[in-house]
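> Just passing along the structure, written as structure tokens.
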Amino acid sequence: MTKFSDLGLAAPVQKSVAAEGYETPTPIQSRAIPPVLQGRDVVGIAQTGTGKTAAFVLPILTRLLAENKQAPGLSCRCLILAPTRELAAQIGDSIAVYGRHTGLTHVVVFGGVKHGPQVRALARGLDILVATPGRLLDHVADRKARLDLTSIVVLDEADQMLDLGFMPALRKILQMVGKPRQTVMFSATMPPPIRALADDFLRDPVTVAVTPQAKPVERIEQGVLYVKSDEKRQALIDVMAPEAGKRAIIFTRTKRGADRVAKLLTEYGHKAAAIHGNKSQNQREKALAAFKAGQNPVLVATDIAARGLDIDGVELVVNFELPNVPESYVHRIGRTARAGASGRAVALVAPDERGLLMDIEKLTGLTIRGLNDAPPISGPIRPVQKQRGQGGGQRRGGHGGAHRGQHGAAQGSGQGGGQKRSRNRRRKPGGAQGGQRQSA
Ligand code: AMP
């Protein structure tokens, strides 16, 4: 079995990995770290939870240290693009942890918060910039950031960026980045537009694919409660009654739905908060912090919160409505059963959602246990055509903000800044990039 010491990582990086208690590299790490270290382009097919963040952060820190260059003002040596605020912040947290002994600088920028702190951080030049695409393009348009001197680019969760409508922005950004560059792309799935992106922008990439060691879906006790649409609220109250005080996430399809469900649960004595794209950054951070601290054990969320959140101890996920895209179901229920724990997921399925359920069962290869009898349905149930890239094109401009995280300097200063924490206890600000997704 490969050891971290065999991979050729810089000593300060190995030191942080050891301090995190990682004993052996995960499969994606053993396979992706060597080609990234060699400067090769890499396509990694891996989901959150496989250790993919360290798979690119560790070798990139090593390469940046070896080059020992200084980034001129407004530029960054490495750019990491992520689809949502949470994910960007989470990657920033990981860089802070893994890069603790390197002295390399990083900043996280995303929409929904002020421009000022981000602009000031960018002005100095950075080793690593973690950004969501819309806000980054805002800074470039304002001439507060330049990408022509960047030599390493990472696209994380590329398929979610596609779903959120970021494809034009991604292409634009990749065209601006200096050449020759190293490009590393991670995606849980490889739909044709992502494949085309790789073909157009990556040079002779090494492809590494892993499936999670134990697919989270297999460790989760899943059930379906067949209800009529107008019975869902009562069904939710019944499902939640024995769960008082336990950490649970309820997923709804719309922002208004999330607010309504949070209100309903509160009326029934649950401490619940809603998190979605219409909430301010501050509200989202507060709701998440209260959830993590256990003050609000119930979080009601739209899909935007489904990915990236890595919170231990979520015992139950309730799908108040099934998502339109079956992969989202897997991401939603993956919020439970983190870190080897088991978990439960209950879906409230109305007659018009039976096709969506069928799509989910097809994707996961599992028949989800009925918690009550499925009522007969008139006519055949048909799978629903999956629609990609319909998350509403990204809207740019107007939202701004920085999540600063720098090590080597200014720890903890600035907006959301530089929290040093173990990756296993990561805190992320809530929400997605400022206001881009219609239903989230
Ligand atoms: P990721 O897939 O990057 O979101 O990582 C999932 C989780 O795995 C994070 O909480 C990491 O701290 C943890 N992790 C990453 N690499 C390792 C490793 N080699 N050994 C143990 N845990 C790890």
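In the structure tokens, the first chain shown is A, the next is B, and so on; residue numbers restart at 1 for each chain, and ligands run from 1 in the order shown.
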List as a PyMOL selection string the protein and nucleic acid residues lying within 7 Å of ligand 1, with only C-alpha atoms and all ligand atoms counted.
chain A and resi 22-26+47-54+310+423-424
> For segment 221-231 of chain A, find every residue with an atom within 6 Å (counting only C-alpha atoms), except residues of its own chain fewer than 5 positions away, and show them as a list in words.
Arg344, Ala345, Val346, Ala347, Leu348, Val349, Ala350, Ile368, Arg369, Gly370, Leu371, Asn372 and Ala374 of chain A
> Keeping only C-alpha atoms, take the residues you just selected and write them out as a compact mmCIF listing (two decimals), in the first residue's frame.

# COMPACT_ATOMS: atom_id res chain seq x y z
CA ARG A 344 -31.20 7.33 7.74
CA ALA A 345 -32.99 8.99 4.87
CA VAL A 346 -36.72 9.30 4.40
CA ALA A 347 -38.32 10.58 1.22
CA LEU A 348 -41.89 11.86 1.14
CA VAL A 349 -43.08 10.89 -2.30
CA ALA A 350 -46.28 12.27 -3.82
CA ILE A 368 -35.89 2.00 -1.79
CA ARG A 369 -37.94 0.34 0.91
CA GLY A 370 -41.53 1.55 1.22
CA LEU A 371 -42.40 2.60 4.78
CA ASN A 372 -46.06 2.27 3.81
CA ALA A 374 -47.38 2.42 -2.45
> With a distance cut-off of 9 Å and only C-alpha atoms, select the neighbouring residues of segment 254-263 of chain A, excluding the residue or stretch itself and same-chain residues fewer than 6 positions from it, and output the selection as a PyMOL selection string.
chain A and resi 233+236+270-278+298-303+320+438-440
> Please produce a file of those selected residues containing N, CA and C atoms, as a PDB file, in the first residue's frame.

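Done, and the output landed in out_37.pdb:
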ATOM      1  N   ARG A 233     -47.091  17.835   4.816  1.00  0.00           N
ATOM      2  CA  ARG A 233     -46.755  18.591   6.030  1.00  0.00           C
ATOM      3  C   ARG A 233     -47.002  17.749   7.270  1.00  0.00           C
ATOM      4  N   LEU A 236     -44.461  14.987   7.542  1.00  0.00           N
ATOM      5  CA  LEU A 236     -43.172  15.469   8.054  1.00  0.00           C
ATOM      6  C   LEU A 236     -43.207  15.604   9.576  1.00  0.00           C
ATOM      7  N   HIS A 270     -39.735  22.108  17.098  1.00  0.00           N
ATOM      8  CA  HIS A 270     -38.366  21.783  16.686  1.00  0.00           C
ATOM      9  C   HIS A 270     -37.573  23.068  16.533  1.00  0.00           C
ATOM     10  N   LYS A 271     -36.305  22.996  16.850  1.00  0.00           N
ATOM     11  CA  LYS A 271     -35.469  24.183  16.623  1.00  0.00           C
ATOM     12  C   LYS A 271     -34.912  24.063  15.213  1.00  0.00           C
ATOM     13  N   ALA A 272     -35.533  24.800  14.302  1.00  0.00           N
ATOM     14  CA  ALA A 272     -35.187  24.639  12.890  1.00  0.00           C
ATOM     15  C   ALA A 272     -34.843  25.980  12.260  1.00  0.00           C
ATOM     16  N   ALA A 273     -33.895  25.953  11.332  1.00  0.00           N
ATOM     17  CA  ALA A 273     -33.560  27.162  10.565  1.00  0.00           C
ATOM     18  C   ALA A 273     -33.471  26.794   9.094  1.00  0.00           C
ATOM     19  N   ALA A 274     -33.800  27.751   8.234  1.00  0.00           N
ATOM     20  CA  ALA A 274     -33.741  27.491   6.790  1.00  0.00           C
ATOM     21  C   ALA A 274     -32.466  28.091   6.208  1.00  0.00           C
ATOM     22  N   ILE A 275     -31.939  27.409   5.205  1.00  0.00           N
ATOM     23  CA  ILE A 275     -30.755  27.929   4.517  1.00  0.00           C
ATOM     24  C   ILE A 275     -30.961  27.760   3.014  1.00  0.00           C
ATOM     25  N   HIS A 276     -30.896  28.863   2.301  1.00  0.00           N
ATOM     26  CA  HIS A 276     -31.064  28.814   0.850  1.00  0.00           C
ATOM     27  C   HIS A 276     -30.499  30.081   0.230  1.00  0.00           C
ATOM     28  N   GLY A 277     -30.577  30.148  -1.090  1.00  0.00           N
ATOM     29  CA  GLY A 277     -29.916  31.218  -1.826  1.00  0.00           C
ATOM     30  C   GLY A 277     -30.473  32.616  -1.608  1.00  0.00           C
ATOM     31  N   ASN A 278     -31.644  32.742  -1.002  1.00  0.00           N
ATOM     32  CA  ASN A 278     -32.179  34.084  -0.767  1.00  0.00           C
ATOM     33  C   ASN A 278     -31.731  34.664   0.563  1.00  0.00           C
ATOM     34  N   VAL A 298     -32.187  21.174  13.526  1.00  0.00           N
ATOM     35  CA  VAL A 298     -32.833  20.877  12.247  1.00  0.00           C
ATOM     36  C   VAL A 298     -32.514  21.995  11.242  1.00  0.00           C
ATOM     37  N   LEU A 299     -32.011  21.575  10.093  1.00  0.00           N
ATOM     38  CA  LEU A 299     -31.703  22.522   9.037  1.00  0.00           C
ATOM     39  C   LEU A 299     -32.608  22.204   7.865  1.00  0.00           C
ATOM     40  N   VAL A 300     -33.281  23.228   7.349  1.00  0.00           N
ATOM     41  CA  VAL A 300     -34.128  23.032   6.174  1.00  0.00           C
ATOM     42  C   VAL A 300     -33.402  23.706   5.017  1.00  0.00           C
ATOM     43  N   ALA A 301     -33.132  22.949   3.962  1.00  0.00           N
ATOM     44  CA  ALA A 301     -32.223  23.458   2.936  1.00  0.00           C
ATOM     45  C   ALA A 301     -32.733  23.169   1.542  1.00  0.00           C
ATOM     46  N   THR A 302     -32.344  24.029   0.619  1.00  0.00           N
ATOM     47  CA  THR A 302     -32.540  23.712  -0.804  1.00  0.00           C
ATOM     48  C   THR A 302     -31.279  22.990  -1.277  1.00  0.00           C
ATOM     49  N   ASP A 303     -31.288  22.570  -2.527  1.00  0.00           N
ATOM     50  CA  ASP A 303     -30.184  21.755  -3.032  1.00  0.00           C
ATOM     51  C   ASP A 303     -28.824  22.414  -2.941  1.00  0.00           C
ATOM     52  N   PHE A 320     -38.276  16.307   1.635  1.00  0.00           N
ATOM     53  CA  PHE A 320     -39.676  16.753   1.668  1.00  0.00           C
ATOM     54  C   PHE A 320     -40.235  16.699   0.256  1.00  0.00           C
ATOM     55  N   GLN A 438     -31.920  30.025  -9.494  1.00  0.00           N
ATOM     56  CA  GLN A 438     -33.303  30.391  -9.333  1.00  0.00           C
ATOM     57  C   GLN A 438     -34.008  29.612  -8.223  1.00  0.00           C
ATOM     58  N   SER A 439     -33.848  28.303  -8.174  1.00  0.00           N
ATOM     59  CA  SER A 439     -34.673  27.568  -7.232  1.00  0.00           C
ATOM     60  C   SER A 439     -33.968  27.276  -5.930  1.00  0.00           C
ATOM     61  N   ALA A 440     -32.707  27.679  -5.805  1.00  0.00           N
ATOM     62  CA  ALA A 440     -31.981  27.216  -4.625  1.00  0.00           C
ATOM     63  C   ALA A 440     -32.158  28.135  -3.443  1.00  0.00           C
TER      64      ALA A 440
END
> Assign secondary structure with DSSP using the backbone only, and return the residues of segment 82-165 of chain A in helix (DSSP H, G or I) as an MDAnalysis selection string.
chainID A and resid 85:98 116:123 133:141 158:163
> Export, as a short mmCIF file (atom, residue, chain, number, x, y, z; two decimals), in the first residue's frame, the selected residues with N, CA and C atoms.

data_model
loop_
_atom_site.label_atom_id
_atom_site.label_comp_id
_atom_site.auth_asym_id
_atom_site.auth_seq_id
_atom_site.Cartn_x
_atom_site.Cartn_y
_atom_site.Cartn_z
N ARG A 85 -20.24 28.74 -2.66
CA ARG A 85 -19.51 29.37 -1.56
C ARG A 85 -19.00 28.34 -0.57
N GLU A 86 -19.90 27.42 -0.23
CA GLU A 86 -19.51 26.43 0.79
C GLU A 86 -18.29 25.65 0.35
N LEU A 87 -18.35 25.21 -0.89
CA LEU A 87 -17.24 24.39 -1.37
C LEU A 87 -15.97 25.22 -1.44
N ALA A 88 -16.08 26.46 -1.93
CA ALA A 88 -14.91 27.31 -2.02
C ALA A 88 -14.32 27.52 -0.61
N ALA A 89 -15.20 27.81 0.35
CA ALA A 89 -14.73 28.05 1.71
C ALA A 89 -14.10 26.79 2.29
N GLN A 90 -14.70 25.66 1.97
CA GLN A 90 -14.19 24.39 2.48
C GLN A 90 -12.80 24.09 1.90
N ILE A 91 -12.63 24.38 0.62
CA ILE A 91 -11.31 24.17 0.01
C ILE A 91 -10.30 25.12 0.67
N GLY A 92 -10.74 26.36 0.92
CA GLY A 92 -9.87 27.32 1.60
C GLY A 92 -9.47 26.79 2.97
N ASP A 93 -10.41 26.20 3.68
CA ASP A 93 -10.11 25.63 5.00
C ASP A 93 -9.06 24.52 4.86
N SER A 94 -9.22 23.70 3.83
CA SER A 94 -8.28 22.60 3.64
C SER A 94 -6.89 23.13 3.33
N ILE A 95 -6.84 24.19 2.52
CA ILE A 95 -5.52 24.75 2.19
C ILE A 95 -4.87 25.30 3.47
N ALA A 96 -5.70 25.93 4.31
CA ALA A 96 -5.16 26.47 5.56
C ALA A 96 -4.57 25.34 6.41
N VAL A 97 -5.26 24.20 6.43
CA VAL A 97 -4.79 23.07 7.25
C VAL A 97 -3.56 22.42 6.61
N TYR A 98 -3.68 22.06 5.34
CA TYR A 98 -2.59 21.31 4.70
C TYR A 98 -1.37 22.20 4.43
N GLY A 116 -14.63 44.74 -1.27
CA GLY A 116 -13.44 45.41 -0.74
C GLY A 116 -12.35 44.49 -0.21
N PRO A 117 -12.69 43.62 0.76
CA PRO A 117 -11.63 42.76 1.32
C PRO A 117 -11.01 41.85 0.26
N GLN A 118 -11.83 41.41 -0.71
CA GLN A 118 -11.31 40.55 -1.76
C GLN A 118 -10.34 41.33 -2.64
N VAL A 119 -10.74 42.54 -2.97
CA VAL A 119 -9.92 43.37 -3.86
C VAL A 119 -8.56 43.65 -3.20
N ARG A 120 -8.61 43.95 -1.91
CA ARG A 120 -7.35 44.23 -1.21
C ARG A 120 -6.44 43.00 -1.18
N ALA A 121 -7.07 41.84 -0.95
CA ALA A 121 -6.27 40.61 -0.90
C ALA A 121 -5.67 40.29 -2.27
N LEU A 122 -6.48 40.49 -3.32
CA LEU A 122 -6.00 40.21 -4.67
C LEU A 122 -4.87 41.16 -5.07
N ALA A 123 -4.95 42.39 -4.60
CA ALA A 123 -3.98 43.42 -5.00
C ALA A 123 -2.55 42.98 -4.67
N PRO A 133 -16.90 31.05 -10.03
CA PRO A 133 -16.63 31.68 -11.33
C PRO A 133 -17.19 33.08 -11.51
N GLY A 134 -18.43 33.32 -11.05
CA GLY A 134 -19.06 34.62 -11.29
C GLY A 134 -18.30 35.75 -10.65
N ARG A 135 -17.99 35.61 -9.38
CA ARG A 135 -17.29 36.69 -8.68
C ARG A 135 -15.89 36.90 -9.24
N LEU A 136 -15.25 35.81 -9.63
CA LEU A 136 -13.92 35.96 -10.21
C LEU A 136 -14.00 36.81 -11.49
N LEU A 137 -14.97 36.53 -12.33
CA LEU A 137 -15.10 37.31 -13.57
C LEU A 137 -15.42 38.77 -13.27
N ASP A 138 -16.18 39.00 -12.20
CA ASP A 138 -16.44 40.40 -11.80
C ASP A 138 -15.12 41.12 -11.53
N HIS A 139 -14.25 40.44 -10.76
CA HIS A 139 -12.96 41.08 -10.42
C HIS A 139 -12.10 41.29 -11.65
N VAL A 140 -12.14 40.33 -12.56
CA VAL A 140 -11.34 40.48 -13.78
C VAL A 140 -11.89 41.66 -14.59
N ALA A 141 -13.22 41.73 -14.71
CA ALA A 141 -13.82 42.83 -15.48
C ALA A 141 -13.49 44.18 -14.84
N ALA A 158 -16.74 19.85 -11.31
CA ALA A 158 -17.05 20.43 -12.63
C ALA A 158 -18.50 20.15 -13.03
N ASP A 159 -19.02 18.99 -12.70
CA ASP A 159 -20.40 18.70 -13.14
C ASP A 159 -21.41 19.58 -12.41
N GLN A 160 -21.10 19.94 -11.18
CA GLN A 160 -22.04 20.85 -10.51
C GLN A 160 -21.93 22.26 -11.10
N MET A 161 -20.73 22.62 -11.53
CA MET A 161 -20.58 23.93 -12.18
C MET A 161 -21.42 23.95 -13.46
N LEU A 162 -21.42 22.83 -14.14
CA LEU A 162 -22.27 22.73 -15.34
C LEU A 162 -23.74 22.88 -14.96
N ASP A 163 -24.16 22.15 -13.93
CA ASP A 163 -25.56 22.21 -13.49
C ASP A 163 -25.97 23.63 -13.10
#
> Just checking: using only C-alpha atoms, which residue out of A:Ile333, A:Leu363, A:Ala82, A:Leu149 ends up closest to Arg181 of chain A?
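Closest to Arg181 of chain A, using only C-alpha atoms: A:Leu149.
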> For Gly334 of chain A, which residue out of A:Glu315, A:Asp6, A:Glu267, A:Asp359 is the nearest one, using only C-alpha atoms?
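Using only C-alpha atoms, the shortest distance to Gly334 of chain A belongs to A:Glu315.
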